[in-house]
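protein12.cif follows (mmCIF, N, CA and C atoms and all ligand atoms):
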data_run
#
loop_
_atom_site.label_atom_id
_atom_site.label_comp_id
_atom_site.auth_asym_id
_atom_site.auth_seq_id
_atom_site.Cartn_x
_atom_site.Cartn_y
_atom_site.Cartn_z
N MET A 1 0.85 -1.20 0.00
CA MET A 1 0.00 0.00 0.00
C MET A 1 0.88 1.25 0.00
N PRO A 2 0.57 2.20 -0.87
CA PRO A 2 1.42 3.40 -0.91
C PRO A 2 1.35 4.17 0.41
N LEU A 3 2.44 4.82 0.74
CA LEU A 3 2.50 5.57 2.00
C LEU A 3 1.57 6.77 1.98
N PHE A 4 1.57 7.46 0.84
CA PHE A 4 0.71 8.64 0.73
C PHE A 4 -0.40 8.36 -0.26
N GLU A 5 -1.50 7.87 0.26
CA GLU A 5 -2.60 7.51 -0.60
C GLU A 5 -3.50 8.72 -0.83
N TRP A 6 -3.81 9.00 -2.11
CA TRP A 6 -4.73 10.09 -2.40
C TRP A 6 -6.14 9.64 -2.03
N LYS A 7 -6.80 10.43 -1.22
CA LYS A 7 -8.18 10.10 -0.83
C LYS A 7 -9.09 11.26 -1.15
N LYS A 8 -10.38 11.00 -1.08
CA LYS A 8 -11.39 12.02 -1.36
C LYS A 8 -11.14 13.32 -0.57
N GLU A 9 -10.63 13.14 0.65
CA GLU A 9 -10.39 14.33 1.50
C GLU A 9 -9.31 15.25 0.91
N HIS A 10 -8.53 14.74 -0.04
CA HIS A 10 -7.50 15.56 -0.69
C HIS A 10 -8.04 16.30 -1.91
N SER A 11 -9.29 16.03 -2.24
CA SER A 11 -9.86 16.64 -3.44
C SER A 11 -9.97 18.16 -3.30
N VAL A 12 -9.66 18.85 -4.41
CA VAL A 12 -9.84 20.31 -4.44
C VAL A 12 -11.08 20.67 -5.27
N GLY A 13 -11.87 19.64 -5.59
CA GLY A 13 -13.15 19.88 -6.24
C GLY A 13 -13.08 20.14 -7.74
N VAL A 14 -11.91 19.95 -8.32
CA VAL A 14 -11.73 20.15 -9.76
C VAL A 14 -11.04 18.89 -10.30
N TYR A 15 -11.76 18.16 -11.14
CA TYR A 15 -11.32 16.83 -11.56
C TYR A 15 -9.89 16.81 -12.11
N GLU A 16 -9.63 17.74 -13.04
CA GLU A 16 -8.32 17.77 -13.69
C GLU A 16 -7.20 18.06 -12.67
N MET A 17 -7.46 18.96 -11.74
CA MET A 17 -6.45 19.29 -10.74
C MET A 17 -6.23 18.12 -9.78
N ASP A 18 -7.30 17.41 -9.45
CA ASP A 18 -7.15 16.22 -8.61
C ASP A 18 -6.26 15.19 -9.31
N ARG A 19 -6.46 15.04 -10.61
CA ARG A 19 -5.63 14.08 -11.36
C ARG A 19 -4.16 14.50 -11.32
N HIS A 20 -3.90 15.78 -11.49
CA HIS A 20 -2.52 16.28 -11.41
C HIS A 20 -1.93 16.03 -10.03
N HIS A 21 -2.74 16.30 -9.01
CA HIS A 21 -2.23 16.13 -7.64
C HIS A 21 -1.95 14.65 -7.35
N GLN A 22 -2.77 13.77 -7.93
CA GLN A 22 -2.53 12.33 -7.76
C GLN A 22 -1.18 11.93 -8.32
N LYS A 23 -0.80 12.57 -9.41
CA LYS A 23 0.51 12.30 -10.03
C LYS A 23 1.64 12.70 -9.06
N LEU A 24 1.45 13.80 -8.34
CA LEU A 24 2.46 14.22 -7.36
C LEU A 24 2.55 13.22 -6.20
N PHE A 25 1.41 12.70 -5.78
CA PHE A 25 1.41 11.64 -4.76
C PHE A 25 2.19 10.43 -5.29
N ASP A 26 1.97 10.11 -6.55
CA ASP A 26 2.64 8.96 -7.16
C ASP A 26 4.16 9.15 -7.17
N ILE A 27 4.61 10.34 -7.53
CA ILE A 27 6.05 10.61 -7.55
C ILE A 27 6.63 10.44 -6.14
N LEU A 28 5.93 10.98 -5.14
CA LEU A 28 6.42 10.87 -3.76
C LEU A 28 6.46 9.41 -3.31
N ASN A 29 5.45 8.64 -3.68
CA ASN A 29 5.43 7.23 -3.29
C ASN A 29 6.57 6.45 -3.93
N ARG A 30 6.86 6.77 -5.20
CA ARG A 30 7.97 6.07 -5.85
C ARG A 30 9.29 6.41 -5.17
N LEU A 31 9.44 7.68 -4.78
CA LEU A 31 10.66 8.08 -4.06
C LEU A 31 10.76 7.32 -2.74
N HIS A 32 9.65 7.24 -2.02
CA HIS A 32 9.67 6.55 -0.73
C HIS A 32 9.99 5.07 -0.87
N ASP A 33 9.40 4.44 -1.88
CA ASP A 33 9.67 3.02 -2.10
C ASP A 33 11.16 2.80 -2.35
N ALA A 34 11.75 3.66 -3.17
CA ALA A 34 13.17 3.53 -3.49
C ALA A 34 14.02 3.75 -2.23
N MET A 35 13.64 4.75 -1.43
CA MET A 35 14.40 5.02 -0.20
C MET A 35 14.33 3.82 0.75
N LYS A 36 13.15 3.22 0.81
CA LYS A 36 12.95 2.06 1.69
C LYS A 36 13.85 0.90 1.26
N ASP A 37 14.07 0.80 -0.07
CA ASP A 37 14.92 -0.27 -0.59
C ASP A 37 16.39 0.14 -0.64
N GLY A 38 16.70 1.29 -0.06
CA GLY A 38 18.09 1.76 -0.08
C GLY A 38 18.55 2.23 -1.45
N LYS A 39 17.58 2.61 -2.30
CA LYS A 39 17.93 3.02 -3.67
C LYS A 39 17.64 4.49 -3.93
N GLY A 40 17.46 5.26 -2.87
CA GLY A 40 17.15 6.68 -3.03
C GLY A 40 18.16 7.42 -3.88
N MET A 41 19.44 7.20 -3.59
CA MET A 41 20.49 7.93 -4.31
C MET A 41 20.52 7.59 -5.80
N GLN A 42 20.12 6.36 -6.11
CA GLN A 42 20.15 5.93 -7.52
C GLN A 42 19.06 6.60 -8.36
N ILE A 43 17.95 6.89 -7.74
CA ILE A 43 16.83 7.38 -8.55
C ILE A 43 16.52 8.87 -8.37
N ILE A 44 17.19 9.48 -7.38
CA ILE A 44 16.78 10.83 -7.02
C ILE A 44 16.95 11.85 -8.15
N ALA A 45 18.01 11.72 -8.94
CA ALA A 45 18.22 12.69 -10.01
C ALA A 45 17.05 12.64 -11.01
N GLY A 46 16.60 11.43 -11.33
CA GLY A 46 15.48 11.27 -12.25
C GLY A 46 14.19 11.80 -11.65
N ILE A 47 14.01 11.54 -10.35
CA ILE A 47 12.80 12.02 -9.66
C ILE A 47 12.75 13.55 -9.67
N VAL A 48 13.89 14.18 -9.39
CA VAL A 48 13.93 15.64 -9.33
C VAL A 48 13.61 16.23 -10.71
N ARG A 49 14.16 15.64 -11.75
CA ARG A 49 13.86 16.12 -13.12
C ARG A 49 12.38 15.97 -13.43
N GLU A 50 11.83 14.81 -13.11
CA GLU A 50 10.42 14.55 -13.37
C GLU A 50 9.53 15.53 -12.59
N LEU A 51 9.90 15.74 -11.34
CA LEU A 51 9.13 16.63 -10.48
C LEU A 51 9.15 18.06 -11.02
N LEU A 52 10.32 18.50 -11.47
CA LEU A 52 10.44 19.86 -12.01
C LEU A 52 9.60 20.01 -13.28
N ASP A 53 9.72 19.05 -14.19
CA ASP A 53 8.93 19.09 -15.43
C ASP A 53 7.43 19.09 -15.11
N TYR A 54 7.04 18.18 -14.22
CA TYR A 54 5.62 18.02 -13.97
C TYR A 54 5.03 19.21 -13.23
N THR A 55 5.76 19.73 -12.23
CA THR A 55 5.19 20.87 -11.49
C THR A 55 5.10 22.10 -12.40
N ARG A 56 6.09 22.30 -13.29
CA ARG A 56 5.99 23.44 -14.22
C ARG A 56 4.71 23.33 -15.05
N TYR A 57 4.45 22.13 -15.56
CA TYR A 57 3.24 21.90 -16.35
C TYR A 57 1.98 22.10 -15.49
N HIS A 58 1.97 21.45 -14.34
CA HIS A 58 0.78 21.49 -13.47
C HIS A 58 0.47 22.92 -13.00
N PHE A 59 1.49 23.64 -12.54
CA PHE A 59 1.24 25.01 -12.06
C PHE A 59 0.72 25.89 -13.19
N GLY A 60 1.26 25.69 -14.39
CA GLY A 60 0.80 26.45 -15.55
C GLY A 60 -0.68 26.23 -15.79
N GLU A 61 -1.09 24.96 -15.74
CA GLU A 61 -2.50 24.63 -15.98
C GLU A 61 -3.39 25.17 -14.86
N GLU A 62 -2.92 25.04 -13.63
CA GLU A 62 -3.71 25.50 -12.49
C GLU A 62 -3.88 27.03 -12.56
N GLU A 63 -2.79 27.71 -12.88
CA GLU A 63 -2.85 29.18 -12.95
C GLU A 63 -3.76 29.64 -14.10
N LYS A 64 -3.75 28.90 -15.21
CA LYS A 64 -4.64 29.24 -16.33
C LYS A 64 -6.10 29.19 -15.89
N LEU A 65 -6.45 28.13 -15.15
CA LEU A 65 -7.83 28.00 -14.67
C LEU A 65 -8.17 29.12 -13.69
N LEU A 66 -7.23 29.43 -12.79
CA LEU A 66 -7.48 30.48 -11.80
C LEU A 66 -7.64 31.84 -12.48
N GLU A 67 -6.84 32.05 -13.52
CA GLU A 67 -6.96 33.30 -14.29
C GLU A 67 -8.30 33.38 -14.99
N LYS A 68 -8.70 32.25 -15.57
CA LYS A 68 -9.96 32.18 -16.30
C LYS A 68 -11.15 32.60 -15.44
N ILE A 69 -11.11 32.22 -14.17
CA ILE A 69 -12.25 32.55 -13.30
C ILE A 69 -12.02 33.86 -12.54
N GLY A 70 -10.88 34.52 -12.78
CA GLY A 70 -10.59 35.78 -12.09
C GLY A 70 -10.43 35.61 -10.59
N TYR A 71 -9.74 34.54 -10.22
CA TYR A 71 -9.60 34.19 -8.79
C TYR A 71 -8.82 35.25 -8.01
N SER A 72 -9.37 35.63 -6.86
CA SER A 72 -8.76 36.73 -6.09
C SER A 72 -7.42 36.33 -5.46
N GLY A 73 -7.24 35.05 -5.20
CA GLY A 73 -6.00 34.63 -4.54
C GLY A 73 -4.90 34.20 -5.51
N ILE A 74 -4.99 34.67 -6.76
CA ILE A 74 -4.06 34.14 -7.76
C ILE A 74 -2.60 34.55 -7.51
N SER A 75 -2.38 35.77 -7.02
CA SER A 75 -0.97 36.17 -6.84
C SER A 75 -0.33 35.38 -5.70
N GLU A 76 -1.11 35.09 -4.68
CA GLU A 76 -0.61 34.25 -3.58
C GLU A 76 -0.25 32.86 -4.11
N GLN A 77 -1.11 32.32 -4.99
CA GLN A 77 -0.85 31.01 -5.59
C GLN A 77 0.42 31.05 -6.44
N LYS A 78 0.53 32.09 -7.28
CA LYS A 78 1.69 32.18 -8.18
C LYS A 78 2.99 32.29 -7.39
N MET A 79 2.95 33.06 -6.30
CA MET A 79 4.16 33.20 -5.48
C MET A 79 4.55 31.88 -4.84
N ALA A 80 3.57 31.15 -4.33
CA ALA A 80 3.85 29.85 -3.71
C ALA A 80 4.40 28.88 -4.75
N HIS A 81 3.83 28.90 -5.95
CA HIS A 81 4.31 28.01 -7.02
C HIS A 81 5.75 28.34 -7.39
N GLN A 82 6.02 29.64 -7.52
CA GLN A 82 7.37 30.07 -7.91
C GLN A 82 8.39 29.66 -6.86
N LYS A 83 8.02 29.79 -5.61
CA LYS A 83 8.93 29.42 -4.52
C LYS A 83 9.22 27.92 -4.56
N PHE A 84 8.18 27.14 -4.80
CA PHE A 84 8.36 25.69 -4.86
C PHE A 84 9.27 25.30 -6.02
N ILE A 85 9.04 25.92 -7.19
CA ILE A 85 9.88 25.65 -8.37
C ILE A 85 11.34 26.00 -8.06
N SER A 86 11.57 27.14 -7.42
CA SER A 86 12.95 27.54 -7.09
C SER A 86 13.61 26.51 -6.19
N GLN A 87 12.85 25.98 -5.24
CA GLN A 87 13.42 24.98 -4.34
C GLN A 87 13.78 23.70 -5.10
N ILE A 88 12.89 23.30 -6.01
CA ILE A 88 13.19 22.09 -6.81
C ILE A 88 14.38 22.35 -7.74
N GLU A 89 14.46 23.57 -8.29
CA GLU A 89 15.61 23.91 -9.13
C GLU A 89 16.92 23.82 -8.34
N GLY A 90 16.85 24.24 -7.08
CA GLY A 90 18.03 24.12 -6.22
C GLY A 90 18.43 22.66 -6.05
N TYR A 91 17.45 21.79 -5.86
CA TYR A 91 17.73 20.36 -5.74
C TYR A 91 18.26 19.79 -7.05
N LYS A 92 17.75 20.31 -8.16
CA LYS A 92 18.22 19.81 -9.46
C LYS A 92 19.69 20.19 -9.67
N ASP A 93 20.05 21.40 -9.27
CA ASP A 93 21.47 21.81 -9.35
C ASP A 93 22.35 20.85 -8.58
N GLN A 94 21.89 20.50 -7.37
CA GLN A 94 22.67 19.55 -6.56
C GLN A 94 22.78 18.20 -7.26
N ALA A 95 21.66 17.74 -7.82
CA ALA A 95 21.66 16.45 -8.51
C ALA A 95 22.61 16.49 -9.70
N ASP A 96 22.59 17.61 -10.45
CA ASP A 96 23.46 17.75 -11.62
C ASP A 96 24.94 17.70 -11.23
N LYS A 97 25.23 18.17 -10.01
CA LYS A 97 26.62 18.16 -9.54
C LYS A 97 26.96 16.84 -8.85
N GLY A 98 26.01 15.91 -8.84
CA GLY A 98 26.27 14.60 -8.23
C GLY A 98 26.19 14.62 -6.72
N MET A 99 25.65 15.72 -6.16
CA MET A 99 25.54 15.81 -4.69
C MET A 99 24.23 15.15 -4.25
N THR A 100 24.19 13.84 -4.28
CA THR A 100 22.92 13.14 -4.07
C THR A 100 22.73 12.60 -2.65
N ALA A 101 23.74 12.80 -1.78
CA ALA A 101 23.72 12.15 -0.46
C ALA A 101 22.46 12.43 0.36
N PHE A 102 22.09 13.69 0.49
CA PHE A 102 20.94 14.00 1.35
C PHE A 102 19.73 14.46 0.55
N LEU A 103 19.83 14.29 -0.76
CA LEU A 103 18.78 14.81 -1.64
C LEU A 103 17.43 14.14 -1.42
N SER A 104 17.45 12.82 -1.31
CA SER A 104 16.18 12.08 -1.23
C SER A 104 15.34 12.56 -0.05
N SER A 105 15.97 12.68 1.11
CA SER A 105 15.18 13.08 2.28
C SER A 105 14.75 14.53 2.16
N GLY A 106 15.61 15.39 1.56
CA GLY A 106 15.22 16.79 1.37
C GLY A 106 14.01 16.92 0.46
N VAL A 107 14.05 16.22 -0.66
CA VAL A 107 12.96 16.28 -1.63
C VAL A 107 11.69 15.68 -1.03
N SER A 108 11.86 14.58 -0.31
CA SER A 108 10.71 13.92 0.30
C SER A 108 10.02 14.83 1.32
N THR A 109 10.81 15.51 2.13
CA THR A 109 10.24 16.43 3.13
C THR A 109 9.52 17.58 2.46
N LEU A 110 10.16 18.16 1.44
CA LEU A 110 9.57 19.29 0.73
C LEU A 110 8.24 18.91 0.08
N LEU A 111 8.23 17.76 -0.58
CA LEU A 111 7.02 17.34 -1.30
C LEU A 111 5.91 16.93 -0.33
N THR A 112 6.26 16.28 0.75
CA THR A 112 5.26 15.90 1.75
C THR A 112 4.59 17.16 2.31
N ASP A 113 5.43 18.14 2.62
CA ASP A 113 4.90 19.40 3.15
C ASP A 113 4.00 20.09 2.12
N TRP A 114 4.38 19.99 0.86
CA TRP A 114 3.59 20.61 -0.22
C TRP A 114 2.20 19.97 -0.32
N LEU A 115 2.18 18.64 -0.28
CA LEU A 115 0.89 17.93 -0.40
C LEU A 115 -0.02 18.30 0.77
N ARG A 116 0.58 18.40 1.94
CA ARG A 116 -0.20 18.67 3.14
C ARG A 116 -0.65 20.13 3.20
N ASN A 117 0.29 21.04 3.01
CA ASN A 117 0.01 22.45 3.29
C ASN A 117 -0.37 23.31 2.09
N HIS A 118 0.11 22.94 0.91
CA HIS A 118 -0.33 23.73 -0.25
C HIS A 118 -1.62 23.14 -0.82
N ILE A 119 -1.54 21.89 -1.25
CA ILE A 119 -2.74 21.26 -1.83
C ILE A 119 -3.85 21.18 -0.77
N GLY A 120 -3.47 20.76 0.44
CA GLY A 120 -4.44 20.53 1.51
C GLY A 120 -5.05 21.80 2.08
N VAL A 121 -4.43 22.94 1.85
CA VAL A 121 -4.93 24.19 2.43
C VAL A 121 -5.20 25.24 1.34
N MET A 122 -4.11 25.69 0.68
CA MET A 122 -4.27 26.81 -0.26
C MET A 122 -5.09 26.42 -1.50
N ASP A 123 -4.84 25.23 -2.04
CA ASP A 123 -5.58 24.80 -3.23
C ASP A 123 -7.06 24.52 -2.90
N LYS A 124 -7.29 23.97 -1.73
CA LYS A 124 -8.67 23.67 -1.34
C LYS A 124 -9.53 24.94 -1.31
N ARG A 125 -8.87 26.07 -1.05
CA ARG A 125 -9.61 27.32 -0.94
C ARG A 125 -10.22 27.77 -2.27
N TYR A 126 -9.69 27.29 -3.40
CA TYR A 126 -10.25 27.75 -4.68
C TYR A 126 -11.47 26.93 -5.12
N GLN A 127 -11.78 25.88 -4.39
CA GLN A 127 -12.88 25.00 -4.82
C GLN A 127 -14.18 25.74 -5.10
N SER A 128 -14.65 26.53 -4.13
CA SER A 128 -15.97 27.14 -4.30
C SER A 128 -15.97 28.14 -5.46
N ALA A 129 -14.88 28.90 -5.61
CA ALA A 129 -14.81 29.86 -6.72
C ALA A 129 -14.78 29.13 -8.06
N MET A 130 -14.01 28.07 -8.15
CA MET A 130 -13.93 27.29 -9.39
C MET A 130 -15.30 26.71 -9.72
N ASN A 131 -15.90 26.05 -8.75
CA ASN A 131 -17.19 25.38 -8.96
C ASN A 131 -18.28 26.39 -9.35
N ALA A 132 -18.22 27.57 -8.73
CA ALA A 132 -19.20 28.61 -9.04
C ALA A 132 -19.09 29.08 -10.50
N HIS A 133 -17.87 28.93 -11.08
CA HIS A 133 -17.66 29.28 -12.49
C HIS A 133 -17.79 28.07 -13.41
N GLY A 134 -18.30 26.99 -12.85
CA GLY A 134 -18.53 25.80 -13.68
C GLY A 134 -17.30 24.95 -13.91
N VAL A 135 -16.20 25.27 -13.22
CA VAL A 135 -14.98 24.44 -13.33
C VAL A 135 -15.03 23.42 -12.22
N LYS A 136 -15.20 22.14 -12.62
CA LYS A 136 -15.36 21.08 -11.61
C LYS A 136 -14.48 19.89 -11.91
FE FE A 201 -1.54 25.59 -6.25
#
Kindly return the structure encoded in the file as structure tokens.
Amino acid sequence: MPLFEWKKEHSVGVYEMDRHHQKLFDILNRLHDAMKDGKGMQIIAGIVRELLDYTRYHFGEEEKLLEKIGYSGISEQKMAHQKFISQIEGYKDQADKGMTAFLSSGVSTLLTDWLRNHIGVMDKRYQSAMNAHGVK
């Protein structure tokens, strides 16, 4: 059973965004499985690249929807997204330099916190505004 299982309580009320968030849960679970098997260092560079590519895509799509509905909290969202991307870019720099020793736990902590506090709090706040504009 995956460590971080996506459940209904994680829903932000928008189908497409829930699917994107499930992909982030999947990336974190794969990282955890590898760490459990002592293979964190072997896969972390690939995970960081995948995470950076996927979050850039996901944030772009999320921001497009928020813009479309004229969401009042969009600048707060964009700032949080940019900060997260910068942190992942920092990890990617380390991975590119072969500094993989503590990367897995750093990335795991960052992503766990993101799922809990960004998706679980800030993203959930857009549900009613999205739904009111027919975005579900
Ligand atoms: Fe967000």
Which residue, A:Leu66, A:Leu24, A:Ala45, A:Leu31, has the smallest gap to Met130 in chain A when you use all atoms listed in the file?
A:Leu66
Between atom C of Glu62 in chain A and atom C of Ile88 in chain A - distance in Å to one decimal
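Calculated distance between atom C of Ile88 in chain A and atom C of Glu62 in chain A is 19.5 Å.
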Please measure the separation of atom C of Gly46 in chain A and atom N of Lys8 in chain A, giving the value in Å to one decimal.
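That distance, rounded to one decimal, is 26.8 Å.
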Give as an mmCIF file with N, CA and C atoms, in the frame of the given file the residues surrounding ligand FE 201 (chain A) up to a distance of 8 Å, considering only N, CA and C atoms and all ligand atoms.
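Contents of out_3.cif, as written:
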data_model
loop_
_atom_site.group_PDB
_atom_site.id
_atom_site.type_symbol
_atom_site.label_atom_id
_atom_site.label_comp_id
_atom_site.auth_asym_id
_atom_site.auth_seq_id
_atom_site.Cartn_x
_atom_site.Cartn_y
_atom_site.Cartn_z
ATOM 1 N N HIS A 58 1.970 21.450 -14.340
ATOM 2 C CA HIS A 58 0.780 21.490 -13.470
ATOM 3 C C HIS A 58 0.470 22.920 -13.000
ATOM 4 N N PHE A 59 1.490 23.640 -12.540
ATOM 5 C CA PHE A 59 1.240 25.010 -12.060
ATOM 6 C C PHE A 59 0.720 25.890 -13.190
ATOM 7 N N GLU A 62 -2.920 25.040 -13.630
ATOM 8 C CA GLU A 62 -3.710 25.500 -12.490
ATOM 9 C C GLU A 62 -3.880 27.030 -12.560
ATOM 10 N N GLU A 63 -2.790 27.710 -12.880
ATOM 11 C CA GLU A 63 -2.850 29.180 -12.950
ATOM 12 C C GLU A 63 -3.760 29.640 -14.100
ATOM 13 N N GLU A 76 -1.110 35.090 -4.680
ATOM 14 C CA GLU A 76 -0.610 34.250 -3.580
ATOM 15 C C GLU A 76 -0.250 32.860 -4.110
ATOM 16 N N GLN A 77 -1.110 32.320 -4.990
ATOM 17 C CA GLN A 77 -0.850 31.010 -5.590
ATOM 18 C C GLN A 77 0.420 31.050 -6.440
ATOM 19 N N LYS A 78 0.530 32.090 -7.280
ATOM 20 C CA LYS A 78 1.690 32.180 -8.180
ATOM 21 C C LYS A 78 2.990 32.290 -7.390
ATOM 22 N N ALA A 80 3.570 31.150 -4.330
ATOM 23 C CA ALA A 80 3.850 29.850 -3.710
ATOM 24 C C ALA A 80 4.400 28.880 -4.750
ATOM 25 N N HIS A 81 3.830 28.900 -5.950
ATOM 26 C CA HIS A 81 4.310 28.010 -7.020
ATOM 27 C C HIS A 81 5.750 28.340 -7.390
ATOM 28 N N HIS A 118 0.110 22.940 0.910
ATOM 29 C CA HIS A 118 -0.330 23.730 -0.250
ATOM 30 C C HIS A 118 -1.620 23.140 -0.820
ATOM 31 N N ILE A 119 -1.540 21.890 -1.250
ATOM 32 C CA ILE A 119 -2.740 21.260 -1.830
ATOM 33 C C ILE A 119 -3.850 21.180 -0.770
ATOM 34 N N MET A 122 -4.110 25.690 0.680
ATOM 35 C CA MET A 122 -4.270 26.810 -0.260
ATOM 36 C C MET A 122 -5.090 26.420 -1.500
ATOM 37 N N ASP A 123 -4.840 25.230 -2.040
ATOM 38 C CA ASP A 123 -5.580 24.800 -3.230
ATOM 39 C C ASP A 123 -7.060 24.520 -2.900
ATOM 40 N N LYS A 124 -7.290 23.970 -1.730
ATOM 41 C CA LYS A 124 -8.670 23.670 -1.340
ATOM 42 C C LYS A 124 -9.530 24.940 -1.310
#
When DSSP works through the backbone of this structure, what residues of range 1-119 of chain A end up as helix (DSSP H, G or I), shown as number ranges by chain?
A: 8-10, 15-36, 40-68, 74-96, 103-119
Between CA of Ile69 in chain A and CA of His133 in chain A lies a distance of 6.4 Å
Contact residues around Lys23 in chain A with only C-alpha atoms at 10 Å, ignoring same-chain residues under 3 positions, as a VMD selection string:
chain A and resid 6 17 to 20 26 to 29 51 54 to 55 58
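Comparing the minimum interatomic distances between Thr100 in chain A and each of A:Glu9, A:Gln42, A:Glu16, A:Asp53, counting only N, CA and C atoms, we find that A:Gln42 sits nearest.
For the set A:Asn117, A:Ile47, A:Gly73, A:Lys136, the residue with the smallest atom-to-atom gap to Leu103 in chain A is A:Ile47, counting only C-alpha atoms.
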Hey, can I get the axis-aligned box for range 92-108 of chain A? All listed atoms, 6 Å padding on each side, centre and edge lengths in Å to one decimal, as AutoDock Vina command-line options.
--center_x 18.5 --center_y 16.9 --center_z -4.7 --size_x 28.9 --size_y 21.7 --size_z 25.9
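Candidate residues A:Ser128, A:Val121, A:Gly38, A:Arg49 were compared for distance to Tyr91 in chain A, and the nearest is A:Arg49, using only C-alpha atoms.
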